[in-house]
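Raw contents of final.txt, compact mmCIF, C-alpha atoms:
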```txt
# COMPACT_ATOMS: atom_id res chain seq x y z
CA MET A 1 0.00 0.00 0.00
CA THR A 2 2.84 2.37 0.79
CA VAL A 3 4.64 1.66 -2.51
CA SER A 4 1.52 2.35 -4.49
CA VAL A 5 0.99 5.64 -2.76
CA LYS A 6 4.58 6.69 -3.58
CA LYS A 7 4.11 5.83 -7.25
CA ILE A 8 0.96 7.87 -7.38
CA LYS A 9 2.73 10.88 -5.87
CA ILE A 10 5.60 10.62 -8.35
CA TRP A 11 3.16 10.44 -11.27
CA LEU A 12 1.28 13.49 -10.04
CA VAL A 13 4.53 15.51 -9.81
CA VAL A 14 5.47 14.58 -13.40
CA VAL A 15 2.03 15.59 -14.67
CA ILE A 16 2.13 18.92 -12.85
CA VAL A 17 5.65 19.82 -14.07
CA SER A 18 4.72 18.92 -17.68
CA SER A 19 1.65 21.11 -17.45
CA LEU A 20 3.64 24.06 -16.13
CA LEU A 21 6.21 23.71 -18.91
CA GLY A 22 3.44 23.70 -21.50
CA LEU A 23 1.91 26.86 -20.09
CA THR A 24 5.14 28.89 -19.86
CA GLY A 25 7.06 27.58 -22.87
CA CYS A 26 6.38 30.59 -25.17
CA GLU A 27 7.50 33.10 -22.58
CA LEU A 28 10.76 31.28 -22.09
CA LEU A 29 11.70 31.63 -25.76
CA PRO A 30 14.44 34.22 -26.51
CA ASP A 31 13.11 37.71 -27.35
CA THR A 32 15.45 37.98 -30.34
CA TRP A 33 13.79 35.26 -32.36
CA GLU A 34 11.90 36.57 -35.36
CA LEU A 35 8.74 34.60 -35.82
CA PRO A 36 7.36 34.42 -39.33
CA TRP A 37 3.81 35.08 -38.25
CA LYS A 38 4.91 38.20 -36.36
CA GLN A 39 6.44 39.67 -39.56
CA ALA A 40 3.41 38.88 -41.64
CA SER A 41 1.02 40.35 -39.11
CA SER A 42 2.38 43.93 -39.75
CA ALA A 43 1.58 43.80 -43.48
CA THR A 44 -1.73 44.34 -45.15
CA PRO A 45 -3.38 40.99 -46.00
CA GLY A 46 -2.32 39.92 -49.44
CA GLN A 47 0.94 41.96 -49.31
CA THR A 48 4.47 41.11 -48.29
CA ALA A 49 6.07 43.38 -45.73
CA VAL A 50 9.28 45.07 -46.91
CA PRO A 51 11.94 45.65 -44.25
CA LEU A 52 12.78 49.35 -43.69
CA PRO A 53 16.28 50.56 -44.61
CA THR A 54 18.77 50.70 -41.76
CA GLY A 55 18.27 53.81 -39.63
CA VAL A 56 14.84 54.66 -41.05
CA THR A 57 11.85 54.46 -38.76
CA ALA A 58 8.19 54.20 -39.58
CA GLU A 59 7.74 57.72 -38.16
CA ALA A 60 10.36 59.10 -40.61
CA THR A 61 8.53 57.65 -43.62
CA GLU A 62 5.35 59.36 -42.48
CA VAL A 63 7.17 62.76 -42.40
CA VAL A 64 8.61 62.22 -45.90
CA GLU A 65 5.16 61.41 -47.25
CA GLU A 66 3.72 64.54 -45.66
CA GLN A 67 6.45 66.75 -47.23
CA THR A 68 5.95 65.50 -50.81
CA PRO A 69 4.38 68.46 -52.69
CA THR A 70 1.04 67.96 -54.36
CA PRO A 71 1.02 69.20 -57.99
CA ALA A 72 -1.02 72.38 -58.35
CA PRO A 73 -4.21 71.95 -60.37
CA PRO A 74 -4.20 73.58 -63.81
CA PRO A 75 -5.67 77.10 -63.84
CA GLU A 76 -9.35 77.37 -64.58
CA LYS A 77 -9.19 81.03 -65.60
CA LEU A 78 -6.87 83.49 -67.33
CA ILE A 79 -7.04 87.24 -66.73
CA LEU A 80 -6.48 89.50 -69.75
CA TRP A 81 -6.03 93.28 -69.47
CA LEU A 82 -6.69 95.44 -72.53
CA PRO A 83 -6.98 99.15 -73.40
CA PRO A 84 -10.44 100.39 -74.47
CA GLU A 85 -9.49 100.28 -78.16
CA LEU A 86 -9.10 96.48 -77.96
CA ASP A 87 -12.26 95.74 -75.95
CA PRO A 88 -13.60 92.44 -77.39
CA ASN A 89 -17.10 93.32 -76.20
CA GLY A 90 -17.24 96.44 -78.35
CA GLU A 91 -19.48 96.85 -81.35
CA THR A 92 -16.79 96.90 -84.04
CA ALA A 93 -15.72 94.22 -86.47
CA ALA A 94 -12.30 94.08 -84.78
CA ALA A 95 -13.95 93.47 -81.40
CA ALA A 96 -15.98 90.56 -82.77
CA ILE A 97 -12.89 88.98 -84.36
CA LEU A 98 -10.93 89.17 -81.11
CA LYS A 99 -13.83 87.87 -79.05
CA ASP A 100 -14.19 84.82 -81.30
CA ARG A 101 -10.47 84.13 -81.02
CA LEU A 102 -10.53 84.33 -77.22
CA ASN A 103 -13.61 82.12 -77.02
CA GLU A 104 -11.90 79.57 -79.23
CA PHE A 105 -8.88 79.41 -76.94
CA ALA A 106 -11.07 79.17 -73.84
CA TYR A 107 -13.03 76.27 -75.37
CA LEU A 108 -9.92 74.36 -76.49
CA ASN A 109 -8.35 74.66 -73.04
CA THR A 110 -11.52 74.33 -70.95
CA ILE A 111 -10.95 77.60 -69.14
CA GLU A 112 -12.55 80.99 -68.65
CA ILE A 113 -10.89 84.16 -69.96
CA GLU A 114 -11.73 87.17 -67.86
CA VAL A 115 -11.19 90.43 -69.79
CA ARG A 116 -10.68 93.67 -67.89
CA ILE A 117 -10.49 97.04 -69.66
CA LYS A 118 -8.01 99.59 -68.32
CA ALA A 119 -7.15 103.10 -69.47
CA VAL A 120 -3.96 103.38 -71.52
CA SER A 121 -2.29 105.63 -68.94
CA GLY A 122 -2.86 107.57 -65.75
CA GLY A 123 -4.16 106.48 -62.36
CA GLY A 124 -5.79 103.05 -62.62
CA GLY A 125 -4.40 102.62 -66.13
CA LEU A 126 -2.62 99.52 -67.37
CA LEU A 127 0.82 100.33 -65.95
CA ASP A 128 -0.43 101.88 -62.71
CA ALA A 129 -2.75 98.92 -62.05
CA LEU A 130 0.08 96.47 -62.73
CA ARG A 131 2.17 98.08 -60.03
CA THR A 132 -0.72 98.14 -57.57
CA THR A 133 -1.83 94.52 -57.97
CA HIS A 134 1.74 93.23 -57.91
CA GLU A 135 2.20 94.71 -54.44
CA ALA A 136 -1.26 94.29 -52.95
CA ALA A 137 -2.96 91.36 -54.69
CA PRO A 138 -0.67 89.33 -57.00
CA SER A 139 -3.32 86.61 -57.32
CA ILE A 140 -5.46 88.96 -59.43
CA SER A 141 -2.59 90.30 -61.55
CA PRO A 142 -3.18 89.82 -65.29
CA ASP A 143 -1.85 86.69 -66.92
CA VAL A 144 -1.59 88.63 -70.20
CA VAL A 145 -1.53 92.42 -70.52
CA ALA A 146 -1.36 94.68 -73.59
CA LEU A 147 1.25 97.42 -73.16
CA SER A 148 2.82 100.12 -75.28
CA ARG A 149 6.56 99.78 -75.82
CA GLU A 150 7.31 102.62 -73.41
CA HIS A 151 5.10 101.14 -70.71
CA LEU A 152 6.80 97.77 -71.20
CA LEU A 153 10.16 99.41 -70.44
CA GLN A 154 8.77 100.98 -67.28
CA ALA A 155 7.03 97.77 -66.20
CA ALA A 156 10.27 95.84 -66.66
CA GLN A 157 12.15 98.37 -64.55
CA ASP A 158 9.48 98.02 -61.83
CA GLU A 159 9.64 94.19 -62.17
CA VAL A 160 5.89 93.80 -62.68
CA VAL A 161 6.15 91.88 -65.97
CA PHE A 162 8.01 88.59 -66.22
CA ARG A 163 10.27 86.54 -68.45
CA ASN A 164 9.38 83.14 -69.83
CA GLU A 165 11.30 81.01 -72.30
CA GLY A 166 8.08 80.41 -74.19
CA LEU A 167 8.01 84.05 -75.30
CA LYS A 168 11.41 83.65 -76.90
CA THR A 169 10.16 80.54 -78.69
CA VAL A 170 7.32 82.56 -80.22
CA MET A 171 9.79 85.25 -81.32
CA ASP A 172 12.26 82.74 -82.79
CA ASP A 173 10.09 82.74 -85.91
CA LEU A 174 11.62 84.85 -88.69
CA ASP A 175 8.24 86.36 -89.55
CA TRP A 176 8.52 89.61 -87.56
CA TYR A 177 9.24 93.19 -88.56
CA ASN A 178 12.38 94.66 -87.00
CA PHE A 179 10.37 97.19 -85.03
CA GLY A 180 8.38 94.31 -83.54
CA ARG A 181 11.47 92.37 -82.49
CA GLU A 182 12.92 95.45 -80.84
CA ALA A 183 9.62 96.28 -79.15
CA GLY A 184 9.59 92.95 -77.30
CA MET A 185 13.23 93.17 -76.15
CA VAL A 186 14.41 94.69 -72.88
CA GLN A 187 18.15 94.74 -72.19
CA GLY A 188 18.76 92.03 -74.74
CA GLU A 189 16.09 89.62 -73.46
CA THR A 190 12.70 88.78 -74.95
CA LEU A 191 10.13 90.06 -72.48
CA ALA A 192 7.05 90.41 -74.71
CA VAL A 193 5.53 89.55 -78.08
CA PRO A 194 4.49 92.45 -80.38
CA PHE A 195 1.16 92.61 -82.16
CA LYS A 196 0.91 96.06 -83.78
CA GLY A 197 2.85 99.15 -84.81
CA VAL A 198 1.81 102.79 -85.23
CA PRO A 199 4.13 104.22 -87.91
CA MET A 200 4.09 107.82 -89.15
CA GLY A 201 3.35 108.34 -92.84
CA LEU A 202 3.03 111.05 -95.48
CA VAL A 203 -0.51 111.01 -96.87
CA TYR A 204 -1.80 112.69 -100.04
CA ASN A 205 -4.85 112.63 -102.29
CA SER A 206 -4.72 109.47 -104.40
CA VAL A 207 -6.20 111.25 -107.43
CA SER A 208 -3.34 113.72 -107.56
CA GLN A 209 -1.15 113.59 -110.65
CA LEU A 210 1.78 114.99 -108.67
CA ILE A 211 2.96 112.21 -106.37
CA PRO A 212 5.07 113.42 -103.43
CA SER A 213 8.63 112.25 -102.96
CA ASN A 214 9.43 109.37 -100.61
CA GLU A 215 12.17 111.44 -98.94
CA TRP A 216 11.19 113.39 -95.84
CA ALA A 217 13.50 116.29 -96.69
CA ASP A 218 11.63 116.77 -99.99
CA THR A 219 8.49 117.96 -98.21
CA ARG A 220 9.86 121.46 -98.91
CA LEU A 221 9.48 120.79 -102.66
CA ASN A 222 6.27 118.76 -102.89
CA TYR A 223 3.23 120.25 -104.59
CA GLY A 224 0.60 122.19 -102.69
CA TYR A 225 0.51 122.80 -98.96
CA PHE A 226 2.12 120.42 -96.47
CA GLY A 227 0.80 120.24 -92.91
CA PHE A 228 2.00 118.69 -89.66
CA ALA A 229 1.66 119.40 -85.95
CA ALA A 230 4.49 121.91 -85.54
CA ASP A 231 3.33 122.62 -81.98
CA ASP A 232 3.53 118.92 -81.06
CA PRO A 233 5.18 118.68 -77.58
CA ARG A 234 7.39 115.84 -78.80
CA GLY A 235 8.70 117.66 -81.87
CA THR A 236 7.99 114.52 -83.90
CA PHE A 237 8.40 115.82 -87.45
CA LEU A 238 11.68 117.61 -86.76
CA LEU A 239 12.92 114.50 -84.92
CA LEU A 240 12.18 112.35 -87.97
CA LEU A 241 13.87 114.84 -90.29
CA TYR A 242 16.91 114.92 -87.98
CA LEU A 243 17.16 111.11 -87.76
CA SER A 244 16.67 110.66 -91.52
CA LEU A 245 19.62 113.02 -92.09
CA GLY A 246 21.93 110.93 -89.90
CA GLY A 247 21.40 112.54 -86.50
CA GLN A 248 21.77 110.59 -83.25
CA VAL A 249 19.93 111.14 -79.97
CA GLN A 250 22.23 109.08 -77.73
CA ASN A 251 25.99 108.69 -77.64
CA GLU A 252 27.97 105.51 -76.92
CA GLN A 253 27.64 106.11 -73.20
CA GLY A 254 23.86 106.32 -73.49
CA MET A 255 23.75 110.05 -72.81
CA THR A 256 21.09 112.13 -74.58
CA ILE A 257 22.54 114.33 -77.32
CA LEU A 258 21.68 116.43 -80.35
CA GLN A 259 24.29 116.83 -83.09
CA GLU A 260 24.67 120.24 -84.62
CA GLU A 261 25.36 119.37 -88.28
CA PRO A 262 22.34 117.10 -88.96
CA LEU A 263 20.14 119.41 -86.88
CA ILE A 264 21.15 122.37 -89.06
CA ALA A 265 20.25 120.33 -92.17
CA ALA A 266 16.85 119.41 -90.68
CA LEU A 267 16.08 122.99 -89.69
CA GLN A 268 17.11 124.18 -93.14
CA THR A 269 14.48 121.86 -94.59
CA LEU A 270 11.87 123.68 -92.48
CA LYS A 271 13.25 127.03 -93.55
CA ASP A 272 13.13 126.07 -97.23
CA GLY A 273 9.55 124.85 -96.87
CA LEU A 274 8.64 128.16 -95.33
CA ASN A 275 10.41 130.18 -98.03
CA THR A 276 8.91 128.20 -100.92
CA ARG A 277 5.50 128.48 -99.23
CA HIS A 278 4.97 124.74 -99.42
CA TYR A 279 4.49 124.58 -95.65
CA SER A 280 0.99 125.64 -94.63
CA ASP A 281 0.62 128.47 -92.16
CA LEU A 282 -1.75 126.16 -90.27
CA ALA A 283 1.20 123.99 -89.16
CA VAL A 284 2.20 126.30 -86.29
CA THR A 285 -1.38 126.19 -84.92
CA MET A 286 -1.64 122.40 -84.81
CA GLN A 287 -0.65 120.30 -81.79
CA ASN A 288 -1.97 116.83 -82.54
CA SER A 289 -2.78 114.41 -85.34
CA GLU A 290 -6.55 114.93 -85.12
CA GLN A 291 -6.12 118.58 -86.08
CA VAL A 292 -3.87 117.61 -88.99
CA TRP A 293 -6.39 115.04 -90.23
CA ASP A 294 -9.17 117.62 -90.07
CA ALA A 295 -7.10 119.99 -92.23
CA PHE A 296 -6.37 117.24 -94.75
CA SER A 297 -9.91 115.85 -94.86
CA THR A 298 -11.34 119.32 -95.56
CA GLY A 299 -8.79 120.11 -98.26
CA ALA A 300 -7.03 122.86 -96.29
CA ILE A 301 -3.73 121.05 -96.87
CA ASP A 302 -2.69 118.74 -99.71
CA THR A 303 -0.15 116.50 -97.98
CA ALA A 304 0.09 115.65 -94.28
CA PHE A 305 2.35 113.99 -91.73
CA LEU A 306 0.15 111.59 -89.77
CA PRO A 307 0.08 108.24 -87.92
CA VAL A 308 -1.07 105.56 -90.34
CA ASP A 309 -3.90 104.38 -88.10
CA VAL A 310 -5.40 107.92 -87.97
CA VAL A 311 -5.60 107.92 -91.76
CA LEU A 312 -7.00 104.38 -92.02
CA LYS A 313 -9.71 105.10 -89.44
CA GLY A 314 -10.45 108.54 -90.86
CA ARG A 315 -10.88 107.00 -94.29
CA GLU A 316 -13.98 105.19 -92.99
CA THR A 317 -15.33 107.77 -90.56
CA THR A 318 -14.93 110.80 -92.86
CA PRO A 319 -16.60 109.87 -96.15
CA ASP A 320 -16.06 113.33 -97.67
CA ALA A 321 -12.27 113.21 -97.12
CA PRO A 322 -9.96 112.76 -100.13
CA ASP A 323 -9.19 109.15 -100.89
CA PRO A 324 -5.80 108.79 -99.16
CA ALA A 325 -2.58 107.34 -100.52
CA PHE A 326 0.82 107.03 -98.81
CA THR A 327 4.37 107.65 -99.94
CA SER A 328 6.90 104.86 -99.34
CA PRO A 329 9.72 106.26 -97.19
CA GLY A 330 12.66 104.00 -96.46
CA MET A 331 12.59 105.04 -92.81
CA THR A 332 9.96 106.28 -90.40
CA LEU A 333 9.16 106.39 -86.68
CA THR A 334 6.72 104.07 -84.98
CA ASP A 335 5.30 103.21 -81.61
CA ALA A 336 4.43 99.55 -80.89
CA TRP A 337 2.16 97.46 -78.68
CA VAL A 338 3.03 94.09 -77.13
CA TRP A 339 1.64 91.20 -75.10
CA ALA A 340 3.42 90.72 -71.74
CA LEU A 341 3.07 88.39 -68.74
CA GLY A 342 1.82 89.82 -65.44
CA SER A 343 1.85 86.64 -63.30
CA GLN A 344 4.82 84.75 -61.84
CA GLU A 345 2.92 81.48 -61.26
CA PRO A 346 4.46 78.84 -63.60
CA GLN A 347 1.25 77.07 -64.64
CA ARG A 348 -0.54 80.35 -65.29
CA GLN A 349 2.46 81.54 -67.32
CA GLU A 350 2.46 78.37 -69.41
CA LEU A 351 -1.16 78.84 -70.40
CA ALA A 352 -0.67 82.60 -70.88
CA VAL A 353 2.18 82.00 -73.34
CA ALA A 354 -0.08 79.60 -75.22
CA LEU A 355 -2.73 82.35 -75.44
CA ILE A 356 -0.15 84.84 -76.76
CA ALA A 357 0.92 82.33 -79.41
CA HIS A 358 -2.75 81.83 -80.29
CA LEU A 359 -3.15 85.59 -80.78
CA SER A 360 0.01 85.75 -82.90
CA ASP A 361 -1.22 83.37 -85.58
CA THR A 362 -0.76 84.95 -89.01
CA GLN A 363 -4.28 84.47 -90.32
CA PHE A 364 -5.93 85.75 -87.17
CA LEU A 365 -3.52 88.70 -86.88
CA ALA A 366 -4.11 89.62 -90.53
CA LYS A 367 -7.89 89.68 -90.16
CA TRP A 368 -7.88 91.38 -86.77
CA SER A 369 -5.29 94.08 -87.59
CA GLU A 370 -7.01 95.02 -90.85
CA ALA A 371 -10.30 95.46 -89.01
CA LEU A 372 -8.48 97.34 -86.25
CA LYS A 373 -6.80 99.66 -88.82
CA ALA A 374 -3.40 98.90 -87.32
CA ILE A 375 -0.14 97.67 -88.84
CA PRO A 376 0.52 94.08 -87.68
CA ALA A 377 3.97 93.19 -86.36
CA ARG A 378 4.28 90.26 -88.80
CA PRO A 379 5.02 90.77 -92.52
CA SER A 380 2.92 87.73 -93.46
CA ALA A 381 -0.09 89.21 -91.65
CA LEU A 382 0.15 92.54 -93.48
CA GLY A 383 0.72 90.65 -96.73
CA SER A 384 -2.59 88.84 -96.14
CA TRP A 385 -4.68 92.02 -95.94
CA GLU A 386 -7.50 92.19 -98.45
CA GLU A 387 -6.69 95.91 -99.00
CA THR A 388 -4.59 96.22 -102.14
CA SER A 389 -4.21 99.91 -102.97
CA LEU A 390 -2.44 100.98 -99.75
CA LYS A 391 -0.69 97.74 -98.88
CA PRO A 392 2.57 98.21 -100.88
CA ALA A 393 3.31 101.58 -99.23
CA LEU A 394 2.36 100.25 -95.80
CA GLU A 395 4.69 97.27 -96.23
CA LYS A 396 7.56 99.61 -97.12
CA MET A 397 6.87 101.80 -94.11
CA ALA A 398 6.63 98.83 -91.74
CA SER A 399 9.91 97.39 -93.06
CA GLY A 400 11.80 100.64 -92.44
CA ALA A 401 10.09 101.68 -89.21
CA ILE A 402 12.21 102.32 -86.12
CA LEU A 403 10.96 102.77 -82.57
CA TYR A 404 10.75 106.17 -80.95
CA PRO A 405 13.55 106.87 -78.49
CA PRO A 406 12.54 106.02 -74.90
CA ASP A 407 10.74 108.64 -72.83
CA SER A 408 13.91 109.28 -70.86
CA VAL A 409 15.26 110.77 -74.12
CA MET A 410 12.04 112.19 -75.55
CA ASN A 411 11.18 114.09 -72.38
CA ASN A 412 14.49 115.90 -72.77
CA ILE A 413 14.71 116.62 -76.49
CA GLY A 414 10.99 116.76 -77.38
CA PRO A 415 10.36 120.26 -76.00
CA ILE A 416 13.67 121.46 -77.49
CA LEU A 417 12.74 120.24 -80.98
CA ARG A 418 9.24 121.71 -80.68
CA ASN A 419 10.68 125.07 -79.72
CA ALA A 420 13.20 124.98 -82.58
CA THR A 421 10.43 124.14 -85.07
CA LEU A 422 8.30 127.07 -83.97
CA LEU A 423 11.28 129.44 -83.99
CA ILE A 424 11.89 128.65 -87.67
CA LEU A 425 8.29 128.50 -88.96
CA ARG A 426 6.66 131.14 -86.80
CA ASP A 427 9.51 133.55 -85.98
CA ASN A 428 11.70 133.03 -89.07
CA ALA A 429 14.73 132.54 -86.81
CA ASP A 430 18.27 131.91 -88.01
CA VAL A 431 18.90 128.22 -88.70
CA VAL A 432 22.47 127.97 -87.36
CA GLU A 433 21.76 129.96 -84.23
CA THR A 434 18.62 127.93 -83.53
CA ALA A 435 20.56 124.67 -83.93
CA LYS A 436 23.32 125.80 -81.55
CA GLN A 437 20.79 126.83 -78.92
CA ALA A 438 19.04 123.46 -79.24
CA VAL A 439 22.27 121.45 -78.90
CA GLU A 440 23.29 123.45 -75.83
CA SER A 441 19.86 123.00 -74.25
CA VAL A 442 20.14 119.23 -74.01
CA LYS A 443 20.62 118.22 -70.37
```
Would you write the structure of this file as structure tokens?
Amino acid sequence: MTVSVKKIKIWLVVVIVSSLLGLTGCELLPDTWELPWKQASSATPGQTAVPLPTGVTAEATEVVEEQTPTPAPPPEKLILWLPPELDPNGETAAAAILKDRLNEFAYLNTIEIEVRIKAVSGGGGLLDALRTTHEAAPSISPDVVALSREHLLQAAQDEVVFRNEGLKTVMDDLDWYNFGREAGMVQGETLAVPFKGVPMGLVYNSVSQLIPSNEWADTRLNYGYFGFAADDPRGTFLLLLYLSLGGQVQNEQGMTILQEEPLIAALQTLKDGLNTRHYSDLAVTMQNSEQVWDAFSTGAIDTAFLPVDVVLKGRETTPDAPDPAFTSPGMTLTDAWVWALGSQEPQRQELAVALIAHLSDTQFLAKWSEALKAIPARPSALGSWEETSLKPALEKMASGAILYPPDSVMNNIGPILRNATLLILRDNADVVETAKQAVESVK
């Protein structure tokens, strides 16, 4: 009986120890063992977990993911600023042509084009508003803005218009007049794309049998009475005479100058016109091109110095005016207008450049500029005009057109040239003495 009891006790001890080992076996395993089911449990079902690189924690990967930039959505709207003359909602044929072109671009790119009309100059005008929005509200700055050449120079100096390689790509085409190429350049870089010029021309009655000379200096010999705005604050006609006779307005250092010899020759042309009585007495009373056109359209003068667009528009608005024709000078002065970028945001710029390219297409520019009565900046566009009688002279003028000197020069010499013109034509002053006074007056 005693032996049996001992056996039973031994058996119970064995059973108890075995049970304890079974219950604690997992906890006694080394912590460094990597169990396959533990690795798999951290992965999404159906995926294989990838070990992290040495030294990289799960927290670090979350930070990296948070810092990855999200691409900006493409713009849904472009803002276009225009002067009143280019308002696409106007009632002219040119307005309708531009509106259709803008609507076409908006449809092709699934965007809205918001057009805002600004005055050409002054408070709230194109340049002034560019400066204001750039400082206060850049998000509503124009993506594309129409500017005169002079305003482009000022906007570039104020850093409120911006460069983009796409503009240079548009201008790499050979189909541009020289004045257009120069109009879009600022300090050797392409900053804008031109769309129109405003050259000065000599207009006469197309039925005349006595065709005026193409040389500006020959205005003193042409038939009948010649008229121009002698009281023009910029002295434009004398400036053109002076430049056509080899005069320079800036030296190699960029300083404003007037040279005595070519200025004497230009003033002598005025004197000869006065003495031969080919220059109308009305010239000294006129200050702007509208007054000159009125004199020409009423027959008070026979030939006139006028901006081409004034003549082209007057041709339609003044039915009783003589049918105009132009001489074909090898050189003339012109202003120019360009498209520039007013936003720095890359995606907005990309779409804005595409719009500028769309507006620079030859066929569109030909149709629009002819309706606008403006000289296009592309030879192929002017060549595509339906007008045939005036086109050859206009092409010659556009080919030889040079830009006005910048305002930094014109504000200095303009009043001097105006004064010299009036001294000769109104006061019959001495040519040499007048030239010397003018040269010495340059600051």
Residues within 12 Å of Ala106 (chain A), please, as a VMD selection string. Count only C-alpha atoms; anything in the same chain fewer than 5 positions from it doesn't count. chain A and resid 75 to 79 99 to 101 111 to 115 351 to 352 354 to 355 358
Go ahead and save the residues from that selection, with C-alpha atoms, as a PDB file, in the frame of the given file.
```pdb
ATOM      1  CA  PRO A  75      -5.670  77.100 -63.840  1.00  0.00           C
ATOM      2  CA  GLU A  76      -9.350  77.370 -64.580  1.00  0.00           C
ATOM      3  CA  LYS A  77      -9.190  81.030 -65.600  1.00  0.00           C
ATOM      4  CA  LEU A  78      -6.870  83.490 -67.330  1.00  0.00           C
ATOM      5  CA  ILE A  79      -7.040  87.240 -66.730  1.00  0.00           C
ATOM      6  CA  LYS A  99     -13.830  87.870 -79.050  1.00  0.00           C
ATOM      7  CA  ASP A 100     -14.190  84.820 -81.300  1.00  0.00           C
ATOM      8  CA  ARG A 101     -10.470  84.130 -81.020  1.00  0.00           C
ATOM      9  CA  ILE A 111     -10.950  77.600 -69.140  1.00  0.00           C
ATOM     10  CA  GLU A 112     -12.550  80.990 -68.650  1.00  0.00           C
ATOM     11  CA  ILE A 113     -10.890  84.160 -69.960  1.00  0.00           C
ATOM     12  CA  GLU A 114     -11.730  87.170 -67.860  1.00  0.00           C
ATOM     13  CA  VAL A 115     -11.190  90.430 -69.790  1.00  0.00           C
ATOM     14  CA  LEU A 351      -1.160  78.840 -70.400  1.00  0.00           C
ATOM     15  CA  ALA A 352      -0.670  82.600 -70.880  1.00  0.00           C
ATOM     16  CA  ALA A 354      -0.080  79.600 -75.220  1.00  0.00           C
ATOM     17  CA  LEU A 355      -2.730  82.350 -75.440  1.00  0.00           C
ATOM     18  CA  HIS A 358      -2.750  81.830 -80.290  1.00  0.00           C
TER      19      HIS A 358
END
```
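In this comparison, which uses all atoms listed in the file, the residue of A:Val145, A:Ala217, A:Leu425, A:Ile140 approaching Trp337 (chain A) most closely is A:Val145.
Picture a line from CA of Asp309 (chain A) to CA of Leu202 (chain A); it runs 12.1 Å.
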Point-to-point distance from CA of Leu333 (chain A) to CA of Leu403 (chain A), Å rounded to tenths: 5.8 Å
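Near Asp361 (chain A), within a cut-off of 12 Å and counting all atoms listed in the file, sit the residues Arg101, Val170, Met171, Asp173, Asp175, Trp176, Val193, Pro194, Phe195, Ala354, Leu355, Ile356, Ala357, Leu365, Ala366, Lys367, Trp368, Ser369, Pro376, Ala377, Arg378, Pro379, Ser380, Ala381 and Ser384 of chain A, with same-chain residues fewer than 4 positions away left out.
Omitting Glu395 (chain A) and its sequence neighbours fewer than 5 positions away, and counting all atoms listed in the file, the residues within 10 Å are Tyr177, Ser328, Ile375, Pro379, Leu382, Gly383, Leu390, Gly400 and Ala401 of chain A.
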What is the distance between CA of Ser206 (chain A) and CA of Asp272 (chain A), in Å to one decimal? 25.4 Å
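Within 9 Å of Ile416 (chain A), once all atoms listed in the file are used and residues closer than 4 positions along the same chain are dropped, the contacting residues are Pro233, Arg234, Gly235, Asn412, Ala420, Thr421, Ala438, Val439, Ser441 and Val442 of chain A.
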Restrict the selected residues to C-alpha atoms and save them as a PDB file, in the coordinates of the input.
```
ATOM      1  CA  PRO A 233       5.180 118.680 -77.580  1.00  0.00           C
ATOM      2  CA  ARG A 234       7.390 115.840 -78.800  1.00  0.00           C
ATOM      3  CA  GLY A 235       8.700 117.660 -81.870  1.00  0.00           C
ATOM      4  CA  ASN A 412      14.490 115.900 -72.770  1.00  0.00           C
ATOM      5  CA  ALA A 420      13.200 124.980 -82.580  1.00  0.00           C
ATOM      6  CA  THR A 421      10.430 124.140 -85.070  1.00  0.00           C
ATOM      7  CA  ALA A 438      19.040 123.460 -79.240  1.00  0.00           C
ATOM      8  CA  VAL A 439      22.270 121.450 -78.900  1.00  0.00           C
ATOM      9  CA  SER A 441      19.860 123.000 -74.250  1.00  0.00           C
ATOM     10  CA  VAL A 442      20.140 119.230 -74.010  1.00  0.00           C
TER      11      VAL A 442
END
```
What's the 8 Å shell around region 338-343 of chain A, counting all atoms listed in the file, without same-chain residues fewer than 3 positions away, as number ranges by chain? A: 130, 138-139, 141-149, 152, 160-163, 183-184, 191-196, 348-349, 352-353, 356
Can you tell me, as a ChimeraX atom specification, which residues sit within 12 Å of (-11.9, 109.1, -94.0) in the file's frame, using only C-alpha atoms? /A:203,205,290,293-294,296-298,308-325,373
The selected residues should be written to file as a CSV table (one decimal), in the frame of the given file (atoms: C-alpha atoms).
```csv
chain,number,residue,atom,x,y,z
A,203,VAL,CA,-0.5,111.0,-96.9
A,205,ASN,CA,-4.8,112.6,-102.3
A,290,GLU,CA,-6.6,114.9,-85.1
A,293,TRP,CA,-6.4,115.0,-90.2
A,294,ASP,CA,-9.2,117.6,-90.1
A,296,PHE,CA,-6.4,117.2,-94.8
A,297,SER,CA,-9.9,115.8,-94.9
A,298,THR,CA,-11.3,119.3,-95.6
A,308,VAL,CA,-1.1,105.6,-90.3
A,309,ASP,CA,-3.9,104.4,-88.1
A,310,VAL,CA,-5.4,107.9,-88.0
A,311,VAL,CA,-5.6,107.9,-91.8
A,312,LEU,CA,-7.0,104.4,-92.0
A,313,LYS,CA,-9.7,105.1,-89.4
A,314,GLY,CA,-10.4,108.5,-90.9
A,315,ARG,CA,-10.9,107.0,-94.3
A,316,GLU,CA,-14.0,105.2,-93.0
A,317,THR,CA,-15.3,107.8,-90.6
A,318,THR,CA,-14.9,110.8,-92.9
A,319,PRO,CA,-16.6,109.9,-96.2
A,320,ASP,CA,-16.1,113.3,-97.7
A,321,ALA,CA,-12.3,113.2,-97.1
A,322,PRO,CA,-10.0,112.8,-100.1
A,323,ASP,CA,-9.2,109.2,-100.9
A,324,PRO,CA,-5.8,108.8,-99.2
A,325,ALA,CA,-2.6,107.3,-100.5
A,373,LYS,CA,-6.8,99.7,-88.8
```
